[in-house]
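Data from data.tsv: TSV, N, CA and C atoms
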chain	number	residue	atom	x	y	z
A	1	LEU	N	87.60	71.99	157.34
A	1	LEU	CA	88.84	71.23	157.30
A	1	LEU	C	90.00	72.12	156.88
A	2	GLY	N	91.16	71.83	157.43
A	2	GLY	CA	92.37	72.57	157.07
A	2	GLY	C	93.13	71.84	155.98
A	3	PRO	N	94.34	72.29	155.70
A	3	PRO	CA	95.16	71.64	154.67
A	3	PRO	C	95.51	70.20	155.05
A	4	VAL	N	95.71	69.39	154.03
A	4	VAL	CA	96.06	67.99	154.24
A	4	VAL	C	97.56	67.83	154.06
A	5	LEU	N	98.20	67.21	155.00
A	5	LEU	CA	99.63	66.96	154.93
A	5	LEU	C	99.86	65.52	154.47
A	6	VAL	N	100.61	65.36	153.41
A	6	VAL	CA	100.93	64.03	152.90
A	6	VAL	C	102.41	63.78	153.15
A	7	VAL	N	102.72	62.71	153.87
A	7	VAL	CA	104.10	62.36	154.16
A	7	VAL	C	104.51	61.24	153.21
A	8	VAL	N	105.56	61.48	152.45
A	8	VAL	CA	106.05	60.49	151.49
A	8	VAL	C	107.31	59.86	152.08
A	9	PRO	N	107.34	58.53	152.21
A	9	PRO	CA	108.54	57.89	152.74
A	9	PRO	C	109.76	58.20	151.87
A	10	GLU	N	110.93	58.27	152.49
A	10	GLU	CA	112.16	58.60	151.77
A	10	GLU	C	112.45	57.63	150.65
A	11	ARG	N	112.08	56.37	150.81
A	11	ARG	CA	112.42	55.38	149.79
A	11	ARG	C	111.52	55.47	148.57
A	12	PHE	N	110.45	56.27	148.65
A	12	PHE	CA	109.52	56.39	147.53
A	12	PHE	C	110.20	57.18	146.41
A	13	GLY	N	110.14	56.67	145.23
A	13	GLY	CA	110.70	57.34	144.06
A	13	GLY	C	109.87	56.98	142.86
A	14	THR	N	110.49	57.02	141.72
A	14	THR	CA	109.78	56.64	140.51
A	14	THR	C	110.46	55.44	139.90
A	15	LEU	N	109.68	54.69	139.18
A	15	LEU	CA	110.22	53.54	138.47
A	15	LEU	C	111.19	54.05	137.40
A	16	ALA	N	112.36	53.43	137.34
A	16	ALA	CA	113.36	53.86	136.36
A	16	ALA	C	114.11	52.67	135.79
A	17	LEU	N	114.36	52.73	134.50
A	17	LEU	CA	115.22	51.79	133.80
A	17	LEU	C	116.31	52.64	133.17
A	18	PHE	N	117.52	52.52	133.67
A	18	PHE	CA	118.62	53.35	133.21
A	18	PHE	C	119.20	52.78	131.92
A	19	GLU	N	119.97	53.60	131.21
A	19	GLU	CA	120.57	53.16	129.95
A	19	GLU	C	121.46	51.94	130.20
A	20	PRO	N	121.29	50.89	129.39
A	20	PRO	CA	122.16	49.71	129.52
A	20	PRO	C	123.61	50.10	129.22
A	21	TYR	N	124.54	49.48	129.92
A	21	TYR	CA	125.95	49.78	129.65
A	21	TYR	C	126.75	48.49	129.69
A	22	PRO	N	127.80	48.36	128.92
A	22	PRO	CA	128.12	49.29	127.83
A	22	PRO	C	127.14	49.09	126.68
A	23	SER	N	127.05	50.10	125.84
A	23	SER	CA	126.22	49.99	124.64
A	23	SER	C	126.90	50.80	123.55
A	24	PRO	N	127.36	50.20	122.49
A	24	PRO	CA	127.10	48.79	122.16
A	24	PRO	C	127.87	47.84	123.07
A	25	ALA	N	127.32	46.67	123.23
A	25	ALA	CA	127.90	45.64	124.08
A	25	ALA	C	128.37	44.47	123.22
A	26	SER	N	129.21	43.62	123.82
A	26	SER	CA	129.66	42.46	123.07
A	26	SER	C	129.49	41.16	123.84
A	27	ASP	N	129.74	41.16	125.15
A	27	ASP	CA	129.62	39.90	125.88
A	27	ASP	C	128.77	39.99	127.15
A	28	ARG	N	128.72	41.15	127.78
A	28	ARG	CA	127.92	41.33	129.00
A	28	ARG	C	127.33	42.74	129.02
A	29	VAL	N	126.10	42.83	129.48
A	29	VAL	CA	125.43	44.13	129.58
A	29	VAL	C	124.90	44.28	131.00
A	30	HIS	N	125.08	45.46	131.58
A	30	HIS	CA	124.54	45.77	132.90
A	30	HIS	C	123.27	46.60	132.73
A	31	LEU	N	122.22	46.19	133.42
A	31	LEU	CA	120.95	46.90	133.41
A	31	LEU	C	120.62	47.29	134.84
A	32	GLU	N	120.46	48.58	135.06
A	32	GLU	CA	120.18	49.07	136.39
A	32	GLU	C	118.75	49.61	136.43
A	33	VAL	N	118.03	49.25	137.49
A	33	VAL	CA	116.64	49.68	137.65
A	33	VAL	C	116.44	50.29	139.02
A	34	GLU	N	115.44	51.16	139.12
A	34	GLU	CA	115.02	51.74	140.39
A	34	GLU	C	113.56	51.36	140.57
A	35	ILE	N	113.28	50.67	141.68
A	35	ILE	CA	111.93	50.20	141.98
A	35	ILE	C	111.40	51.04	143.15
A	36	PRO	N	110.26	51.75	142.98
A	36	PRO	CA	109.79	52.65	144.03
A	36	PRO	C	109.13	51.95	145.22
A	37	ALA	N	108.63	50.74	145.02
A	37	ALA	CA	107.93	50.04	146.11
A	37	ALA	C	108.08	48.54	145.92
A	38	ASP	N	108.01	47.81	147.01
A	38	ASP	CA	108.05	46.35	146.93
A	38	ASP	C	106.92	45.87	146.02
A	39	GLY	N	107.19	44.82	145.24
A	39	GLY	CA	106.13	44.27	144.40
A	39	GLY	C	106.67	43.41	143.29
A	40	ARG	N	105.78	42.97	142.45
A	40	ARG	CA	106.15	42.09	141.33
A	40	ARG	C	106.78	42.92	140.22
A	41	VAL	N	107.92	42.44	139.75
A	41	VAL	CA	108.69	43.14	138.71
A	41	VAL	C	109.16	42.12	137.69
A	42	SER	N	109.13	42.53	136.42
A	42	SER	CA	109.76	41.69	135.40
A	42	SER	C	110.71	42.55	134.57
A	43	LEU	N	111.82	41.94	134.19
A	43	LEU	CA	112.80	42.59	133.33
A	43	LEU	C	113.20	41.56	132.28
A	44	PHE	N	112.75	41.81	131.04
A	44	PHE	CA	113.00	40.90	129.93
A	44	PHE	C	113.76	41.63	128.83
A	45	VAL	N	114.46	40.84	128.01
A	45	VAL	CA	115.12	41.37	126.81
A	45	VAL	C	114.46	40.70	125.61
A	46	TYR	N	114.08	41.52	124.61
A	46	TYR	CA	113.43	41.04	123.40
A	46	TYR	C	114.24	41.41	122.17
A	47	ASP	N	114.18	40.56	121.16
A	47	ASP	CA	114.76	40.96	119.87
A	47	ASP	C	113.70	41.77	119.13
A	48	LEU	N	114.05	42.33	117.99
A	48	LEU	CA	113.11	43.19	117.28
A	48	LEU	C	111.96	42.43	116.63
A	49	ALA	N	112.04	41.10	116.59
A	49	ALA	CA	110.91	40.29	116.11
A	49	ALA	C	109.90	40.02	117.23
A	50	GLY	N	110.21	40.51	118.44
A	50	GLY	CA	109.29	40.33	119.57
A	50	GLY	C	109.51	39.08	120.37
A	51	ARG	N	110.58	38.33	120.07
A	51	ARG	CA	110.88	37.11	120.82
A	51	ARG	C	111.65	37.45	122.09
A	52	ARG	N	111.24	36.86	123.21
A	52	ARG	CA	111.98	37.06	124.46
A	52	ARG	C	113.26	36.26	124.37
A	53	VAL	N	114.41	36.92	124.56
A	53	VAL	CA	115.69	36.24	124.48
A	53	VAL	C	116.36	36.11	125.84
A	54	ALA	N	115.88	36.86	126.84
A	54	ALA	CA	116.46	36.75	128.18
A	54	ALA	C	115.44	37.20	129.23
A	55	THR	N	115.44	36.50	130.36
A	55	THR	CA	114.65	36.86	131.52
A	55	THR	C	115.63	37.20	132.63
A	56	LEU	N	115.66	38.47	133.03
A	56	LEU	CA	116.60	38.90	134.07
A	56	LEU	C	115.93	38.99	135.43
A	57	ALA	N	114.63	39.23	135.45
A	57	ALA	CA	113.87	39.27	136.70
A	57	ALA	C	112.42	38.95	136.37
A	58	ASP	N	111.78	38.18	137.25
A	58	ASP	CA	110.37	37.88	137.08
A	58	ASP	C	109.83	37.37	138.41
A	59	GLY	N	109.48	38.31	139.28
A	59	GLY	CA	108.97	37.93	140.59
A	59	GLY	C	108.95	39.10	141.54
A	60	GLU	N	108.80	38.80	142.81
A	60	GLU	CA	108.75	39.84	143.84
A	60	GLU	C	110.13	40.46	144.02
A	61	MET	N	110.13	41.80	144.17
A	61	MET	CA	111.39	42.51	144.35
A	61	MET	C	111.19	43.63	145.36
A	62	SER	N	112.20	43.88	146.15
A	62	SER	CA	112.12	44.95	147.14
A	62	SER	C	112.39	46.30	146.48
A	63	ALA	N	111.89	47.35	147.10
A	63	ALA	CA	112.12	48.70	146.61
A	63	ALA	C	113.61	49.02	146.66
A	64	GLY	N	114.06	49.86	145.75
A	64	GLY	CA	115.45	50.27	145.74
A	64	GLY	C	116.07	50.11	144.37
A	65	ARG	N	117.38	50.27	144.33
A	65	ARG	CA	118.13	50.17	143.07
A	65	ARG	C	118.71	48.77	142.95
A	66	HIS	N	118.56	48.17	141.78
A	66	HIS	CA	119.04	46.82	141.52
A	66	HIS	C	119.79	46.81	140.20
A	67	THR	N	120.84	46.00	140.12
A	67	THR	CA	121.61	45.86	138.89
A	67	THR	C	121.56	44.41	138.44
A	68	PHE	N	121.31	44.22	137.15
A	68	PHE	CA	121.26	42.89	136.54
A	68	PHE	C	122.31	42.83	135.45
A	69	VAL	N	122.86	41.63	135.24
A	69	VAL	CA	123.85	41.44	134.19
A	69	VAL	C	123.32	40.39	133.23
A	70	TRP	N	123.30	40.74	131.94
A	70	TRP	CA	122.89	39.80	130.90
A	70	TRP	C	124.13	39.33	130.19
A	71	ASP	N	124.38	38.02	130.22
A	71	ASP	CA	125.48	37.42	129.48
A	71	ASP	C	124.99	37.23	128.04
A	72	CYS	N	125.33	38.15	127.19
A	72	CYS	CA	124.82	38.16	125.82
A	72	CYS	C	125.84	37.66	124.80
A	73	ALA	N	126.86	36.95	125.28
A	73	ALA	CA	127.93	36.49	124.39
A	73	ALA	C	127.41	35.60	123.26
A	74	ASP	N	126.33	34.86	123.50
A	74	ASP	CA	125.80	33.96	122.48
A	74	ASP	C	124.68	34.59	121.64
A	75	ALA	N	124.31	35.83	121.95
A	75	ALA	CA	123.24	36.49	121.21
A	75	ALA	C	123.80	37.11	119.93
A	76	ALA	N	122.97	37.18	118.91
A	76	ALA	CA	123.39	37.75	117.63
A	76	ALA	C	123.55	39.27	117.75
A	77	ALA	N	124.44	39.82	116.95
A	77	ALA	CA	124.59	41.27	116.90
A	77	ALA	C	123.28	41.88	116.43
A	78	GLY	N	122.96	43.06	116.92
A	78	GLY	CA	121.74	43.72	116.50
A	78	GLY	C	121.16	44.58	117.60
A	79	VAL	N	119.92	45.00	117.41
A	79	VAL	CA	119.23	45.85	118.35
A	79	VAL	C	118.24	45.01	119.16
A	80	TYR	N	118.19	45.27	120.45
A	80	TYR	CA	117.30	44.57	121.36
A	80	TYR	C	116.55	45.59	122.20
A	81	LEU	N	115.44	45.17	122.78
A	81	LEU	CA	114.66	46.02	123.67
A	81	LEU	C	114.65	45.42	125.07
A	82	CYS	N	114.96	46.24	126.06
A	82	CYS	CA	114.88	45.84	127.46
A	82	CYS	C	113.55	46.37	127.98
A	83	ARG	N	112.75	45.48	128.59
A	83	ARG	CA	111.41	45.84	129.05
A	83	ARG	C	111.29	45.60	130.54
A	84	LEU	N	111.11	46.68	131.30
A	84	LEU	CA	110.89	46.62	132.74
A	84	LEU	C	109.42	46.87	133.00
A	85	SER	N	108.76	45.99	133.75
A	85	SER	CA	107.34	46.22	134.02
A	85	SER	C	106.99	45.91	135.47
A	86	THR	N	106.05	46.71	135.96
A	86	THR	CA	105.42	46.51	137.26
A	86	THR	C	103.92	46.55	137.02
A	87	ALA	N	103.14	46.45	138.08
A	87	ALA	CA	101.68	46.51	137.93
A	87	ALA	C	101.24	47.88	137.43
A	88	GLU	N	102.05	48.92	137.67
A	88	GLU	CA	101.65	50.28	137.32
A	88	GLU	C	102.20	50.78	135.99
A	89	ARG	N	103.40	50.33	135.60
A	89	ARG	CA	104.06	50.93	134.43
A	89	ARG	C	104.92	49.94	133.70
A	90	VAL	N	105.22	50.29	132.44
A	90	VAL	CA	106.16	49.54	131.61
A	90	VAL	C	107.15	50.54	131.01
A	91	LEU	N	108.44	50.24	131.11
A	91	LEU	CA	109.49	51.08	130.54
A	91	LEU	C	110.31	50.26	129.56
A	92	LEU	N	110.78	50.90	128.49
A	92	LEU	CA	111.60	50.24	127.48
A	92	LEU	C	112.88	51.02	127.25
A	93	LYS	N	113.96	50.30	127.01
A	93	LYS	CA	115.23	50.91	126.60
A	93	LYS	C	115.79	50.07	125.46
A	94	ARG	N	116.46	50.75	124.56
A	94	ARG	CA	117.09	50.09	123.41
A	94	ARG	C	118.52	49.70	123.78
A	95	LEU	N	118.95	48.56	123.27
A	95	LEU	CA	120.28	48.04	123.53
A	95	LEU	C	120.87	47.55	122.22
A	96	VAL	N	122.13	47.86	121.97
A	96	VAL	CA	122.80	47.43	120.75
A	96	VAL	C	123.91	46.44	121.10
A	97	LEU	N	123.91	45.29	120.40
A	97	LEU	CA	124.99	44.32	120.54
A	97	LEU	C	125.82	44.37	119.27
A	98	ALA	N	127.12	44.48	119.43
A	98	ALA	CA	128.03	44.52	118.28
A	98	ALA	C	129.05	43.41	118.44
A	99	ARG	N	129.50	42.90	117.33
A	99	ARG	CA	130.52	41.84	117.34
A	99	ARG	C	131.75	42.27	116.61

Would you kindly transcribe this structure into structure tokens?
Amino acid sequence: LGPVLVVVPERFGTLALFEPYPSPASDRVHLEVEIPADGRVSLFVYDLAGRRVATLADGEMSAGRHTFVWDCADAAAGVYLCRLSTAERVLLKRLVLAR
């Protein structure tokens, strides 16, 4: 056998959760994600006690870059964790809300 050639589609990338902006935030936060393949994705926001305070995505999503906006005007000031998960990986980013 000779060498094996593997062709990777152009849309294939890596799962990414970019830094939330603005941070610190006060009324709205933008969360941008990169999804490498179609599939089930969840994007939740948790407080430091582990309580889910926001669900931004929970279902099937197409590959590519997606932006979500969390209206956090009613959330308490403090530190939160943004959790992006697929069947293969889980990523976390820290987010600060200031008043």

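One finds atom N of A:Asp38 at 26.3 Å from atom C of A:Tyr80.
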
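With distances restricted to all atoms listed in the file, A:Leu43 is the closest residue to A:Ser85 from A:Leu43, A:Ala54, A:Arg99, A:Met61.
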
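Interatomic distance, atom CA of A:Leu81 to atom CA of A:Ala98: 14.5 Å.
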
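Take atom CA of A:Val90 and atom C of A:Ser23: the distance between them is 22.3 Å.
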
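Nearest residue to A:Arg89, choosing from A:Pro36, A:Gly59, A:Gly64, A:Pro20 and counting only C-alpha atoms: A:Pro36.
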
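Distances here use all atoms listed in the file; by that measure, the residue among A:Leu31, A:Val79, A:Asp74, A:Thr86 closest to A:Ala49 is A:Val79.
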
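Comparing A:Ala77, A:Cys82, A:Cys72, A:Leu97 by their smallest distance to A:Asp27, the closest is A:Cys72 (using only C-alpha atoms).
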
How big is the axis-aligned box around all listed atoms of stretch 78-87 of chain A once 6 Å goes on each side, and where's its centre, in Å to one decimal, as lines of an AutoDock Vina configuration file?
center_x = 112.1
center_y = 45.5
center_z = 127.3
size_x = 33.7
size_y = 16.8
size_z = 33.6

Within-6.5 Å shell of (122.2, 47.1, 125.3) in input frame, only N, CA and C atoms, as JSON, numbers by chain | {"A": [20, 21, 22, 23, 24, 25, 29, 94, 95, 96, 97]}

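Closest approach to A:His66 among A:Glu34, A:Gly78, A:Leu48, A:Gly39: A:Glu34, based on all atoms listed in the file.
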
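Proximity ranking of A:Asp58, A:Ala73, A:Val53, A:Ser42 relative to A:Arg28 places A:Ala73 first, based on only C-alpha atoms.
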
Have stretch 56-81 of chain A completed to N, CA, C and O atoms, please, and pass it along as a PDB file, in the frame of the given file.
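The resulting file, result_37.pdb, is shown below:
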ATOM      1  N   LEU A  56     115.660  38.470 133.030  1.00  0.00           N
ATOM      2  CA  LEU A  56     116.600  38.900 134.070  1.00  0.00           C
ATOM      3  C   LEU A  56     115.930  38.990 135.430  1.00  0.00           C
ATOM      4  O   LEU A  56     116.592  38.874 136.453  1.00  0.00           O
ATOM      5  N   ALA A  57     114.630  39.230 135.450  1.00  0.00           N
ATOM      6  CA  ALA A  57     113.870  39.270 136.700  1.00  0.00           C
ATOM      7  C   ALA A  57     112.420  38.950 136.370  1.00  0.00           C
ATOM      8  O   ALA A  57     111.898  39.397 135.348  1.00  0.00           O
ATOM      9  N   ASP A  58     111.780  38.180 137.250  1.00  0.00           N
ATOM     10  CA  ASP A  58     110.370  37.880 137.080  1.00  0.00           C
ATOM     11  C   ASP A  58     109.830  37.370 138.410  1.00  0.00           C
ATOM     12  O   ASP A  58     109.780  36.172 138.655  1.00  0.00           O
ATOM     13  N   GLY A  59     109.480  38.310 139.280  1.00  0.00           N
ATOM     14  CA  GLY A  59     108.970  37.930 140.590  1.00  0.00           C
ATOM     15  C   GLY A  59     108.950  39.100 141.540  1.00  0.00           C
ATOM     16  O   GLY A  59     109.083  40.256 141.138  1.00  0.00           O
ATOM     17  N   GLU A  60     108.800  38.800 142.810  1.00  0.00           N
ATOM     18  CA  GLU A  60     108.750  39.840 143.840  1.00  0.00           C
ATOM     19  C   GLU A  60     110.130  40.460 144.020  1.00  0.00           C
ATOM     20  O   GLU A  60     111.145  39.771 144.018  1.00  0.00           O
ATOM     21  N   MET A  61     110.130  41.800 144.170  1.00  0.00           N
ATOM     22  CA  MET A  61     111.390  42.510 144.350  1.00  0.00           C
ATOM     23  C   MET A  61     111.190  43.630 145.360  1.00  0.00           C
ATOM     24  O   MET A  61     110.113  44.236 145.422  1.00  0.00           O
ATOM     25  N   SER A  62     112.200  43.880 146.150  1.00  0.00           N
ATOM     26  CA  SER A  62     112.120  44.950 147.140  1.00  0.00           C
ATOM     27  C   SER A  62     112.390  46.300 146.480  1.00  0.00           C
ATOM     28  O   SER A  62     113.039  46.386 145.432  1.00  0.00           O
ATOM     29  N   ALA A  63     111.890  47.350 147.100  1.00  0.00           N
ATOM     30  CA  ALA A  63     112.120  48.700 146.610  1.00  0.00           C
ATOM     31  C   ALA A  63     113.610  49.020 146.660  1.00  0.00           C
ATOM     32  O   ALA A  63     114.346  48.482 147.495  1.00  0.00           O
ATOM     33  N   GLY A  64     114.060  49.860 145.750  1.00  0.00           N
ATOM     34  CA  GLY A  64     115.450  50.270 145.740  1.00  0.00           C
ATOM     35  C   GLY A  64     116.070  50.110 144.370  1.00  0.00           C
ATOM     36  O   GLY A  64     115.397  49.851 143.379  1.00  0.00           O
ATOM     37  N   ARG A  65     117.380  50.270 144.330  1.00  0.00           N
ATOM     38  CA  ARG A  65     118.130  50.170 143.070  1.00  0.00           C
ATOM     39  C   ARG A  65     118.710  48.770 142.950  1.00  0.00           C
ATOM     40  O   ARG A  65     119.273  48.244 143.909  1.00  0.00           O
ATOM     41  N   HIS A  66     118.560  48.170 141.780  1.00  0.00           N
ATOM     42  CA  HIS A  66     119.040  46.820 141.520  1.00  0.00           C
ATOM     43  C   HIS A  66     119.790  46.810 140.200  1.00  0.00           C
ATOM     44  O   HIS A  66     119.408  47.499 139.258  1.00  0.00           O
ATOM     45  N   THR A  67     120.840  46.000 140.120  1.00  0.00           N
ATOM     46  CA  THR A  67     121.610  45.860 138.890  1.00  0.00           C
ATOM     47  C   THR A  67     121.560  44.410 138.440  1.00  0.00           C
ATOM     48  O   THR A  67     121.731  43.492 139.243  1.00  0.00           O
ATOM     49  N   PHE A  68     121.310  44.220 137.150  1.00  0.00           N
ATOM     50  CA  PHE A  68     121.260  42.890 136.540  1.00  0.00           C
ATOM     51  C   PHE A  68     122.310  42.830 135.450  1.00  0.00           C
ATOM     52  O   PHE A  68     122.610  43.825 134.800  1.00  0.00           O
ATOM     53  N   VAL A  69     122.860  41.630 135.240  1.00  0.00           N
ATOM     54  CA  VAL A  69     123.850  41.440 134.190  1.00  0.00           C
ATOM     55  C   VAL A  69     123.320  40.390 133.230  1.00  0.00           C
ATOM     56  O   VAL A  69     122.935  39.295 133.636  1.00  0.00           O
ATOM     57  N   TRP A  70     123.300  40.740 131.940  1.00  0.00           N
ATOM     58  CA  TRP A  70     122.890  39.800 130.900  1.00  0.00           C
ATOM     59  C   TRP A  70     124.130  39.330 130.190  1.00  0.00           C
ATOM     60  O   TRP A  70     124.882  40.127 129.633  1.00  0.00           O
ATOM     61  N   ASP A  71     124.380  38.020 130.220  1.00  0.00           N
ATOM     62  CA  ASP A  71     125.480  37.420 129.480  1.00  0.00           C
ATOM     63  C   ASP A  71     124.990  37.230 128.040  1.00  0.00           C
ATOM     64  O   ASP A  71     124.290  36.265 127.743  1.00  0.00           O
ATOM     65  N   CYS A  72     125.330  38.150 127.190  1.00  0.00           N
ATOM     66  CA  CYS A  72     124.820  38.160 125.820  1.00  0.00           C
ATOM     67  C   CYS A  72     125.840  37.660 124.800  1.00  0.00           C
ATOM     68  O   CYS A  72     125.697  37.896 123.599  1.00  0.00           O
ATOM     69  N   ALA A  73     126.860  36.950 125.280  1.00  0.00           N
ATOM     70  CA  ALA A  73     127.930  36.490 124.390  1.00  0.00           C
ATOM     71  C   ALA A  73     127.410  35.600 123.260  1.00  0.00           C
ATOM     72  O   ALA A  73     127.980  35.601 122.166  1.00  0.00           O
ATOM     73  N   ASP A  74     126.330  34.860 123.500  1.00  0.00           N
ATOM     74  CA  ASP A  74     125.800  33.960 122.480  1.00  0.00           C
ATOM     75  C   ASP A  74     124.680  34.590 121.640  1.00  0.00           C
ATOM     76  O   ASP A  74     124.170  33.962 120.720  1.00  0.00           O
ATOM     77  N   ALA A  75     124.310  35.830 121.950  1.00  0.00           N
ATOM     78  CA  ALA A  75     123.240  36.490 121.210  1.00  0.00           C
ATOM     79  C   ALA A  75     123.800  37.110 119.930  1.00  0.00           C
ATOM     80  O   ALA A  75     124.961  37.508 119.865  1.00  0.00           O
ATOM     81  N   ALA A  76     122.970  37.180 118.910  1.00  0.00           N
ATOM     82  CA  ALA A  76     123.390  37.750 117.630  1.00  0.00           C
ATOM     83  C   ALA A  76     123.550  39.270 117.750  1.00  0.00           C
ATOM     84  O   ALA A  76     122.874  39.910 118.569  1.00  0.00           O
ATOM     85  N   ALA A  77     124.440  39.820 116.950  1.00  0.00           N
ATOM     86  CA  ALA A  77     124.590  41.270 116.900  1.00  0.00           C
ATOM     87  C   ALA A  77     123.280  41.880 116.430  1.00  0.00           C
ATOM     88  O   ALA A  77     122.539  41.267 115.646  1.00  0.00           O
ATOM     89  N   GLY A  78     122.960  43.060 116.920  1.00  0.00           N
ATOM     90  CA  GLY A  78     121.740  43.720 116.500  1.00  0.00           C
ATOM     91  C   GLY A  78     121.160  44.580 117.600  1.00  0.00           C
ATOM     92  O   GLY A  78     121.805  44.845 118.615  1.00  0.00           O
ATOM     93  N   VAL A  79     119.920  45.000 117.410  1.00  0.00           N
ATOM     94  CA  VAL A  79     119.230  45.850 118.350  1.00  0.00           C
ATOM     95  C   VAL A  79     118.240  45.010 119.160  1.00  0.00           C
ATOM     96  O   VAL A  79     117.536  44.170 118.606  1.00  0.00           O
ATOM     97  N   TYR A  80     118.190  45.270 120.450  1.00  0.00           N
ATOM     98  CA  TYR A  80     117.300  44.570 121.360  1.00  0.00           C
ATOM     99  C   TYR A  80     116.550  45.590 122.200  1.00  0.00           C
ATOM    100  O   TYR A  80     116.984  46.740 122.331  1.00  0.00           O
ATOM    101  N   LEU A  81     115.440  45.170 122.780  1.00  0.00           N
ATOM    102  CA  LEU A  81     114.660  46.020 123.670  1.00  0.00           C
ATOM    103  C   LEU A  81     114.650  45.420 125.070  1.00  0.00           C
ATOM    104  O   LEU A  81     114.352  44.228 125.231  1.00  0.00           O
TER     105      LEU A  81
END
